[in-house]
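Student: Once you've had a glance at the structure underneath, I'll fire off some questions.
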Amino acid sequence: MPVKPQPFKICCLKCGFYKVIQFSSDCLRLSDMEQIPEYCPKCGSKELENRKLTKMDKIILRIKYNFTNNPEYLLKDY
Ligand SMILES: [Zn+2]
């Protein structure tokens, strides 16, 4: 059985910027991979780290989504 890729976040170790990455389906497409930044968009650092989303992250995202309606904050399987 295919396992749906879990959302995760890319954290910048320098400035604390993070971006949540989630894939649209089981099959990874190029557009999914393009979501993953190579450099921090804020400070340009290459020191990025993949981290699992914590429960707190999910709560924060949900609140952000409620306030902004920005689909970037909407976790599909939450
Ligand atoms: Zn940064």
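If you're wondering about the labels, chains in the structure tokens are A, B, ... by order shown, residues count from 1 in each chain, ligands from 1 in order shown.
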Residues within 10 Å of ligand 1 (only C-alpha atoms and all ligand atoms), as an MDAnalysis selection string?
Tutor: chainID A and resid 11:18 39:48
Student: Hey, what's within 8 Å of Val20 in chain A if we count only C-alpha atoms and toss same-chain stuff fewer than 5 positions away? As a list in words, please?
Tutor: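 The neighbour list is Pro7, Phe8, Lys9, Ile10, Glu72 and Tyr73 of chain A.
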Student: Could you jot down the CA of Glu38 in chain A to CA of Ile21 in chain A separation for me, Å, one decimal place?
Tutor: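 Computing it gives 12.8 Å between the two atoms.
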Student: For CA of Ser25 in chain A and CA of Leu74 in chain A, quote the distance in Å rounded to one decimal.
Tutor: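 Interatomic distance, CA of Ser25 in chain A to CA of Leu74 in chain A: 14.8 Å.
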Student: What parts of chain A does DSSP call helix (DSSP H, G or I)? I'd like the answer as a ChimeraX atom specification.
Tutor: /A:30-33,55-68,71-73
Student: Within 12 Å of Gln22 in chain A, counting only C-alpha atoms, which residues qualify if same-chain residues fewer than 6 places away don't, as JSON, numbers by chain?
Tutor: {"A": [4, 5, 6, 7, 8, 9, 10, 28, 29, 31, 32, 33, 34, 35, 36, 52, 53, 71, 72, 73, 74, 75, 76, 77, 78]}
Student: Deliver the residues from the most recent selection as a file, using C-alpha atoms, as an mmCIF file, in the first residue's frame.
Tutor:
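The resulting out35.cif:
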```cif
data_model
loop_
_atom_site.group_PDB
_atom_site.id
_atom_site.type_symbol
_atom_site.label_atom_id
_atom_site.label_comp_id
_atom_site.auth_asym_id
_atom_site.auth_seq_id
_atom_site.Cartn_x
_atom_site.Cartn_y
_atom_site.Cartn_z
ATOM 1 C CA LYS A 4 1.099 9.279 1.547
ATOM 2 C CA PRO A 5 4.140 11.483 2.097
ATOM 3 C CA GLN A 6 3.778 13.356 5.347
ATOM 4 C CA PRO A 7 4.023 17.139 5.328
ATOM 5 C CA PHE A 8 7.277 18.429 6.711
ATOM 6 C CA LYS A 9 8.983 21.736 7.129
ATOM 7 C CA ILE A 10 12.225 23.156 5.859
ATOM 8 C CA LEU A 28 5.834 12.931 -6.462
ATOM 9 C CA ARG A 29 5.801 15.288 -9.379
ATOM 10 C CA SER A 31 6.027 20.649 -9.172
ATOM 11 C CA ASP A 32 6.124 19.021 -5.754
ATOM 12 C CA MET A 33 9.882 18.950 -5.720
ATOM 13 C CA GLU A 34 10.018 22.581 -6.800
ATOM 14 C CA GLN A 35 8.361 23.593 -3.550
ATOM 15 C CA ILE A 36 11.526 22.667 -1.709
ATOM 16 C CA LYS A 52 8.769 16.813 10.985
ATOM 17 C CA LEU A 53 5.749 18.911 11.796
ATOM 18 C CA PRO A 71 -4.004 27.752 1.030
ATOM 19 C CA GLU A 72 -0.288 27.471 1.750
ATOM 20 C CA TYR A 73 -1.229 27.024 5.385
ATOM 21 C CA LEU A 74 -3.894 24.436 4.806
ATOM 22 C CA LEU A 75 -2.771 20.959 5.747
ATOM 23 C CA LYS A 76 -4.580 18.584 3.496
ATOM 24 C CA ASP A 77 -4.790 15.664 5.849
ATOM 25 C CA TYR A 78 -5.341 17.552 9.029
#
```
Student: Can you measure CA of Ser24 in chain A to CA of Leu61 in chain A for me? One decimal in Å is fine.
Tutor: 17.2 Å
